[in-house]
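See structure below.
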Amino acid sequence: MDITYDTEYYAHGTPAERWERARLFFDAKEYTAAARVLAGLVEEVPEQTGPRLLLARAYYHSAQLGRAETELRAIVERDPVEQYARLMLGRTLERQGRHAEAGPHLRIASAFAGDFAEA
């Protein structure tokens, strides 16, 4: 398949149309395709959490854990109280066997969700 055509397909349409296409791919468990659409959106609107978080989830589900970690760290750096990004970062680190690094993120996510350990 021609790379230019392939890239044009994933970049075609307005941001709203691409967001919808990415969500359809994600919902269909076509995580790699969703990530390809979302990567362009995140470049265009890096300050928006929604596309970046869905991109991280697509990377996670397609076992692109390093990329997922990068996106999740960018979210947490900008918004330290983003509970789901903390949870996903912890899970991503766990999946990479980095349990000591995952622990603090998972505890913070639990605290933000109101899940406190009994004393």
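Ligands are numbered from 1 in the order shown, residues from 1 within each chain, and chains are lettered A, B, ... in the order they appear in the structure tokens.
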What's around Pro51 in chain A at 8 Å? Count only C-alpha atoms, leave out sequence neighbours fewer than 2 positions away in its own chain, and write the answer as an mmCIF file with N, CA and C atoms, in the first residue's frame.
data_model
loop_
_atom_site.group_PDB
_atom_site.id
_atom_site.type_symbol
_atom_site.label_atom_id
_atom_site.label_comp_id
_atom_site.auth_asym_id
_atom_site.auth_seq_id
_atom_site.Cartn_x
_atom_site.Cartn_y
_atom_site.Cartn_z
ATOM 1 N N TRP A 19 -11.760 12.647 15.050
ATOM 2 C CA TRP A 19 -12.041 12.192 16.418
ATOM 3 C C TRP A 19 -13.093 11.081 16.382
ATOM 4 N N LEU A 38 -5.395 9.287 15.888
ATOM 5 C CA LEU A 38 -5.244 10.131 17.074
ATOM 6 C C LEU A 38 -3.890 10.824 17.146
ATOM 7 N N LEU A 41 -4.192 14.087 15.516
ATOM 8 C CA LEU A 41 -5.008 15.005 16.314
ATOM 9 C C LEU A 41 -4.214 15.567 17.485
ATOM 10 N N VAL A 42 -3.463 14.711 18.154
ATOM 11 C CA VAL A 42 -2.682 15.161 19.310
ATOM 12 C C VAL A 42 -1.622 16.174 18.876
ATOM 13 N N GLN A 48 -5.265 19.333 24.525
ATOM 14 C CA GLN A 48 -6.517 18.645 24.831
ATOM 15 C C GLN A 48 -6.247 17.250 25.396
ATOM 16 N N THR A 49 -6.825 16.981 26.541
ATOM 17 C CA THR A 49 -6.595 15.716 27.234
ATOM 18 C C THR A 49 -7.308 14.553 26.552
ATOM 19 N N LEU A 53 -5.461 11.082 25.811
ATOM 20 C CA LEU A 53 -5.787 9.946 26.673
ATOM 21 C C LEU A 53 -6.267 8.753 25.841
ATOM 22 N N LEU A 54 -7.096 9.002 24.835
ATOM 23 C CA LEU A 54 -7.539 7.908 23.979
ATOM 24 C C LEU A 54 -6.359 7.348 23.185
ATOM 25 N N LEU A 55 -5.439 8.200 22.770
ATOM 26 C CA LEU A 55 -4.228 7.732 22.090
ATOM 27 C C LEU A 55 -3.421 6.826 23.011
#
Using only C-alpha atoms, which residues sit within 12 Å of Glu20 in chain A once same-chain residues fewer than 2 positions away are excluded, as number ranges by chain? A: 10, 12-18, 22-27, 34, 37-38, 41, 51, 54
Those residues you just picked out, can you put them in a file as an mmCIF file, in the first residue's frame with C-alpha atoms?
data_model
loop_
_atom_site.group_PDB
_atom_site.id
_atom_site.type_symbol
_atom_site.label_atom_id
_atom_site.label_comp_id
_atom_site.auth_asym_id
_atom_site.auth_seq_id
_atom_site.Cartn_x
_atom_site.Cartn_y
_atom_site.Cartn_z
ATOM 1 C CA TYR A 10 -5.847 8.670 8.584
ATOM 2 C CA HIS A 12 -8.480 13.097 6.136
ATOM 3 C CA GLY A 13 -11.321 15.272 7.404
ATOM 4 C CA THR A 14 -11.918 17.867 10.048
ATOM 5 C CA PRO A 15 -10.645 17.319 13.588
ATOM 6 C CA ALA A 16 -14.194 16.402 14.659
ATOM 7 C CA GLU A 17 -14.485 13.830 11.853
ATOM 8 C CA ARG A 18 -11.105 12.332 12.714
ATOM 9 C CA ALA A 22 -10.688 7.298 15.901
ATOM 10 C CA ARG A 23 -13.441 6.477 18.394
ATOM 11 C CA LEU A 24 -15.050 4.092 15.904
ATOM 12 C CA PHE A 25 -11.719 2.327 15.360
ATOM 13 C CA PHE A 26 -11.162 2.161 19.117
ATOM 14 C CA ASP A 27 -14.646 0.810 19.805
ATOM 15 C CA ALA A 34 -7.205 4.454 16.150
ATOM 16 C CA VAL A 37 -5.727 8.835 13.537
ATOM 17 C CA LEU A 38 -5.244 10.131 17.074
ATOM 18 C CA LEU A 41 -5.008 15.005 16.314
ATOM 19 C CA PRO A 51 -7.446 12.800 22.279
ATOM 20 C CA LEU A 54 -7.539 7.908 23.979
#
DSSP on the backbone: what in chain A comes out alpha helix (DSSP H), as an MDAnalysis selection string? chainID A and resid 3:11 15:27 31:44 49:61 65:78 83:95 99:113
Residue nearest Val76 in chain A - candidates A:Lys29, A:Glu47, A:Ala58, A:Arg36, atoms counted: only C-alpha atoms: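 Under the stated criterion, the closest residue is A:Glu47.
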Any idea what the distance is between CA of Gly90 in chain A and CA of Thr32 in chain A?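 Spanning CA of Gly90 in chain A to CA of Thr32 in chain A is a straight-line distance of 21.4 Å.
One finds CA of Ser62 in chain A at 22.8 Å from CA of Gly103 in chain A.
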